[in-house]
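Here is the file my_file-v3.txt (compact mmCIF, C-alpha atoms).
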# COMPACT_ATOMS: atom_id res chain seq x y z
CA GLY T 1 0.00 0.00 0.00
CA GLU T 2 0.87 3.66 -0.14
CA ASN T 3 3.22 5.17 2.43
CA VAL T 4 3.46 8.94 2.88
CA GLU T 5 6.19 10.55 4.94
CA GLN T 6 5.95 14.19 5.98
CA HIS T 7 8.63 16.50 7.37
CA PRO T 8 9.12 18.36 9.57
CA SER T 9 6.69 17.38 12.31
CA THR T 10 6.87 20.87 13.82
CA LEU T 11 7.84 24.16 12.22
CA SER T 12 8.10 27.56 13.83
CA VAL T 13 8.62 30.69 11.74
CA GLN T 14 8.51 34.42 12.25
CA GLU T 15 5.59 36.30 10.75
CA GLY T 16 6.44 37.29 7.18
CA ASP T 17 8.89 34.44 6.64
CA SER T 18 8.27 31.50 4.33
CA ALA T 19 7.39 27.98 5.43
CA VAL T 20 8.08 24.77 3.51
CA ILE T 21 6.68 21.33 4.30
CA LYS T 22 7.83 18.27 2.38
CA CYS T 23 6.24 14.90 1.68
CA THR T 24 7.35 11.75 -0.07
CA TYR T 25 5.17 8.93 -1.31
CA SER T 26 5.86 5.37 -2.37
CA ASP T 27 3.13 4.27 -4.80
CA SER T 28 3.67 5.38 -8.38
CA ALA T 29 -0.07 4.89 -8.98
CA SER T 30 -0.83 7.91 -6.78
CA ASN T 31 -1.66 10.88 -8.97
CA TYR T 32 -3.58 13.30 -6.79
CA PHE T 33 -1.89 15.17 -3.94
CA PRO T 34 -3.98 17.39 -1.67
CA TRP T 35 -2.84 19.53 1.23
CA TYR T 36 -5.11 20.12 4.20
CA LYS T 37 -5.04 22.70 6.97
CA GLN T 38 -6.62 21.66 10.24
CA GLU T 39 -7.27 24.01 13.11
CA LEU T 40 -7.87 22.68 16.58
CA GLY T 41 -11.20 20.85 16.84
CA LYS T 42 -12.13 21.49 13.21
CA ARG T 43 -12.30 19.41 10.05
CA PRO T 44 -9.39 19.17 7.62
CA GLN T 45 -9.78 21.93 5.06
CA LEU T 46 -8.40 21.52 1.55
CA ILE T 47 -6.09 24.45 0.80
CA ILE T 48 -4.47 23.35 -2.44
CA ASP T 49 -4.06 20.23 -4.52
CA ILE T 50 -2.03 19.10 -7.48
CA ARG T 51 -2.40 16.35 -10.03
CA SER T 52 0.48 14.36 -11.42
CA ASN T 53 0.35 15.95 -14.85
CA VAL T 54 1.31 19.29 -13.31
CA GLY T 55 4.64 20.27 -11.73
CA GLU T 56 3.59 23.35 -9.81
CA LYS T 57 0.44 25.13 -8.74
CA LYS T 58 0.03 28.45 -6.98
CA ASP T 59 -2.84 30.13 -5.20
CA GLN T 60 -1.94 33.52 -3.74
CA ARG T 61 0.52 32.87 -0.89
CA ILE T 62 0.34 29.09 -1.20
CA ALA T 63 2.13 26.95 -3.75
CA VAL T 64 2.67 23.24 -4.23
CA THR T 65 5.40 21.58 -6.26
CA LEU T 66 5.49 17.97 -7.40
CA ASN T 67 8.43 15.89 -8.56
CA LYS T 68 6.84 12.72 -9.86
CA THR T 69 10.15 11.07 -10.70
CA ALA T 70 11.46 11.47 -7.19
CA LYS T 71 8.01 10.90 -5.65
CA HIS T 72 8.01 14.00 -3.53
CA PHE T 73 5.86 17.10 -3.23
CA SER T 74 6.11 20.22 -1.14
CA LEU T 75 3.90 22.97 0.26
CA HIS T 76 5.25 26.51 0.24
CA ILE T 77 3.62 29.31 2.22
CA THR T 78 5.03 32.79 1.69
CA GLU T 79 4.55 35.89 3.83
CA THR T 80 3.24 33.81 6.70
CA GLN T 81 0.67 35.26 9.08
CA PRO T 82 -0.32 34.20 12.61
CA GLU T 83 -3.60 32.81 11.21
CA ASP T 84 -1.57 30.34 9.17
CA SER T 85 -0.76 28.57 12.45
CA ALA T 86 -2.37 25.11 12.28
CA VAL T 87 -1.61 21.47 11.54
CA TYR T 88 -0.97 20.76 7.87
CA PHE T 89 -1.43 17.31 6.34
CA CYS T 90 -0.30 16.11 2.95
CA ALA T 91 -1.97 13.14 1.29
CA ALA T 92 -1.59 10.94 -1.75
CA LYS T 93 -4.46 9.33 -3.64
CA ASP T 94 -5.04 7.61 -6.92
CA ASN T 95 -7.43 9.55 -9.10
CA THR T 96 -10.14 6.92 -9.31
CA ASN T 97 -13.62 6.83 -7.89
CA ALA T 98 -12.71 4.16 -5.39
CA GLY T 99 -9.33 5.64 -4.48
CA LYS T 100 -8.51 6.37 -0.88
CA SER T 101 -6.15 8.97 0.53
CA THR T 102 -3.09 8.11 2.57
CA PHE T 103 -2.17 10.95 4.90
CA GLY T 104 1.17 12.10 6.16
CA ASP T 105 1.59 12.41 9.92
CA GLY T 106 1.12 16.17 9.88
CA THR T 107 3.19 19.30 10.51
CA THR T 108 2.34 21.71 13.30
CA LEU T 109 3.12 25.18 11.98
CA THR T 110 3.47 28.05 14.42
CA VAL T 111 3.80 31.58 13.07
CA LYS T 112 5.14 33.94 15.71
CA PRO T 113 4.01 37.57 15.50
CA ASP L 1 -25.30 25.07 2.39
CA ALA L 2 -24.00 22.17 4.44
CA MET L 3 -22.65 19.49 2.13
CA VAL L 4 -21.50 16.78 4.54
CA ILE L 5 -23.42 16.69 7.79
CA GLN L 6 -22.53 14.69 10.86
CA ASN L 7 -24.71 14.02 13.86
CA PRO L 8 -24.29 14.36 16.68
CA ARG L 9 -21.35 16.80 16.85
CA TYR L 10 -20.54 15.60 20.37
CA GLN L 11 -21.35 12.17 21.75
CA VAL L 12 -20.70 10.93 25.26
CA THR L 13 -21.11 7.25 25.95
CA GLN L 14 -20.23 4.82 28.67
CA PHE L 15 -17.63 2.12 28.42
CA GLY L 16 -19.21 -0.80 26.55
CA LYS L 17 -22.43 1.00 25.59
CA PRO L 18 -23.09 0.83 21.83
CA VAL L 19 -23.12 4.08 19.92
CA THR L 20 -24.06 5.07 16.36
CA LEU L 21 -22.68 8.06 14.51
CA SER L 22 -24.38 9.32 11.38
CA CYS L 23 -23.28 11.10 8.25
CA SER L 24 -25.37 12.52 5.43
CA GLN L 25 -24.41 14.32 2.23
CA THR L 26 -26.15 16.55 -0.28
CA LEU L 27 -23.42 16.19 -2.94
CA ASN L 28 -24.64 12.91 -4.43
CA HIS L 29 -21.09 11.58 -4.27
CA ASN L 30 -20.74 7.86 -4.73
CA VAL L 31 -17.82 7.38 -2.36
CA MET L 32 -18.11 7.84 1.41
CA TYR L 33 -15.37 7.41 4.01
CA TRP L 34 -15.14 7.08 7.78
CA TYR L 35 -11.96 8.24 9.51
CA GLN L 36 -10.89 8.13 13.13
CA GLN L 37 -8.65 10.96 14.27
CA LYS L 38 -6.97 11.03 17.67
CA SER L 39 -5.29 14.07 19.11
CA SER L 40 -2.18 15.21 17.22
CA GLN L 41 -2.49 12.36 14.71
CA ALA L 42 -3.44 12.05 11.07
CA PRO L 43 -6.91 10.83 10.13
CA LYS L 44 -6.97 7.03 10.03
CA LEU L 45 -9.24 5.41 7.47
CA LEU L 46 -11.66 2.88 8.95
CA PHE L 47 -13.95 2.09 6.00
CA HIS L 48 -15.00 3.40 2.67
CA TYR L 49 -17.88 2.71 0.32
CA TYR L 50 -17.82 2.95 -3.43
CA ASP L 51 -21.55 3.03 -4.06
CA LYS L 52 -22.69 0.02 -2.03
CA ASP L 53 -19.36 -1.79 -2.24
CA PHE L 54 -17.93 -1.88 1.26
CA ASN L 55 -14.17 -1.71 1.87
CA ASN L 56 -12.83 -2.47 5.30
CA GLU L 57 -9.28 -1.48 6.21
CA ALA L 58 -7.26 -4.46 7.42
CA ASP L 59 -6.50 -2.92 10.81
CA THR L 60 -10.00 -1.63 11.58
CA PRO L 61 -11.10 -3.30 14.82
CA ASP L 62 -14.04 -5.71 14.68
CA ASN L 63 -15.72 -3.46 17.22
CA PHE L 64 -16.42 -1.00 14.40
CA GLN L 65 -19.08 -1.60 11.77
CA SER L 66 -20.67 0.53 9.11
CA ARG L 67 -23.88 0.73 7.11
CA ARG L 68 -24.79 2.68 4.01
CA PRO L 69 -28.51 2.27 3.37
CA ASN L 70 -28.56 4.72 0.46
CA THR L 71 -26.35 7.20 -1.41
CA SER L 72 -26.96 10.01 1.06
CA PHE L 73 -26.47 8.33 4.42
CA CYS L 74 -23.75 6.38 6.14
CA PHE L 75 -23.53 5.15 9.73
CA LEU L 76 -20.68 4.12 11.98
CA ASP L 77 -21.56 1.68 14.74
CA ILE L 78 -19.23 1.08 17.66
CA ARG L 79 -20.49 -2.04 19.36
CA SER L 80 -18.63 -1.87 22.65
CA PRO L 81 -16.70 1.37 22.96
CA GLY L 82 -13.51 1.30 24.96
CA LEU L 83 -11.52 4.18 26.37
CA GLY L 84 -9.18 3.91 23.39
CA ASP L 85 -12.03 4.67 21.00
CA ALA L 86 -12.37 8.22 22.25
CA ALA L 87 -11.55 10.33 19.21
CA MET L 88 -12.90 12.61 16.51
CA TYR L 89 -14.75 10.65 13.83
CA LEU L 90 -14.74 12.27 10.42
CA CYS L 91 -16.98 11.41 7.51
CA ALA L 92 -15.90 12.38 3.99
CA THR L 93 -17.24 12.02 0.47
CA SER L 94 -15.73 12.18 -2.98
CA ARG L 95 -16.73 11.76 -6.61
CA VAL L 96 -13.36 11.46 -8.29
CA ALA L 97 -10.43 13.03 -6.49
CA GLU L 98 -11.23 15.77 -3.99
CA GLN L 99 -12.58 14.71 -0.61
CA PHE L 100 -15.14 16.77 1.27
CA PHE L 101 -15.05 16.38 5.03
CA GLY L 102 -17.88 16.74 7.48
CA PRO L 103 -17.38 18.69 10.73
CA GLY L 104 -16.77 15.50 12.72
CA THR L 105 -18.25 13.90 15.81
CA ARG L 106 -16.23 14.13 18.99
CA LEU L 107 -16.72 10.87 20.93
CA THR L 108 -16.04 10.74 24.65
CA VAL L 109 -16.04 7.38 26.46
CA LEU L 110 -16.56 7.45 30.23

Take the structure in the file and write it out as structure tokens.
Amino acid sequence: GENVEQHPSTLSVQEGDSAVIKCTYSDSASNYFPWYKQELGKRPQLIIDIRSNVGEKKDQRIAVTLNKTAKHFSLHITETQPEDSAVYFCAAKDNTNAGKSTFGDGTTLTVKP
Amino acid sequence: DAMVIQNPRYQVTQFGKPVTLSCSQTLNHNVMYWYQQKSSQAPKLLFHYYDKDFNNEADTPDNFQSRRPNTSFCFLDIRSPGLGDAAMYLCATSRVAEQFFGPGTRLTVL
């Protein structure tokens, strides 16, 4: 089955700095890679995703890059703000109706004002 | 405009007393998932349905069962909850790729 590793497990940055979270996956059949932000006591919220036919995707301060050959993908947050503080999960999924997501273990991001 | 609804949002039960959590969706998605999430951990998949086809994860305890009577509804039954079953239970749906999560049910076992 799929195995997703996520690093680092905790990340602390100063407001305005950039944050980078990295994930690797094992199953070459995975072709959909979402990133979720989860605040305490709330549901995971999709913030950006990327499909395997794309190398990079950007949405305002958030970007995701994918290296399919190396089987790794990364989340980049620029100009971080205190409200970016949360737990971030990466996941890998095959793009089929019956596919299931395998989650990384999560990264706790703290943005210090 | 709730899309994935979970009831109740908070459930308190006693050790060994059966409990049922419910999930409904207005998206008409054919895939529904149940996840268990403990504090500071990633969501752990328990089951998923592709239409009526039931898929049980290998490490899902026998204590957990699920029913999907129709496209819109899915239930998670915990037959004899133990203290270790206290967690957030998340329901999610998908059609192709993106998953839509419900708000979760926080289960407390006394």

Nearby residues (only C-alpha atoms) at most 12 Å from segment 83-87 of chain T, same-chain spacing under 3 positions excluded, as a PyMOL selection string: (chain T and resi 6+8-19+21+35-45+47+61-62+76-80+90+104-113) or (chain L and resi 39-43)

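Nearest to Tyr50 of chain L of all the residues L:Leu76, L:Leu90, L:Leu21, L:Val96 is L:Val96, based on only C-alpha atoms.
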
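Closest approach to Pro81 of chain L from the set L:Lys44, L:Arg9, L:Lys17, L:His29 is made by L:Lys17, with distances taken over all atoms listed in the file.
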
Which is closer to chain T than all the others in L:Phe47, L:Thr13, L:Val19, L:Ser80, using all atoms listed in the file?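 The answer is L:Phe47, which sits nearest to chain T.
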
Gln25 of chain L proximity check over L:Asn7, L:Thr93, L:Gln65, L:Thr60, using all atoms listed in the file: winner is L:Thr93

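Using only C-alpha atoms, the shortest contact distance between chain T and any of L:Cys23, L:Val31, L:Ala58, L:Cys74 is found at L:Val31.
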
Contact residues (chain L, partner chain T, 12 Å, all atoms listed in the file) as a PyMOL selection string: chain L and resi 4-6+9-10+29-58+87-106

Which distance in Å separates atom CA of Val12 of chain L and atom CA of Arg68 of chain L, to one decimal?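 One can read the atom CA of Val12 of chain L to atom CA of Arg68 of chain L distance as 23.2 Å.
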
For Ser30 of chain T, the nearest of the candidates T:Leu75, T:Ala70, T:Ile48, T:Ala92, counting all atoms listed in the file: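 Going through T:Leu75, T:Ala70, T:Ile48, T:Ala92 one by one, the smallest distance to Ser30 of chain T is for T:Ala92.
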
Which neighbours of Leu83 of chain L fall inside 8 Å, counting only C-alpha atoms, when residues of the same chain fewer than 2 positions from it are skipped, and could you give them as number ranges by chain? L: 15, 81, 85-86, 109-110

For the atom pair atom CA of His7 of chain T and atom CA of Lys22 of chain T, what is the interatomic distance in Å to one decimal place? 5.4 Å
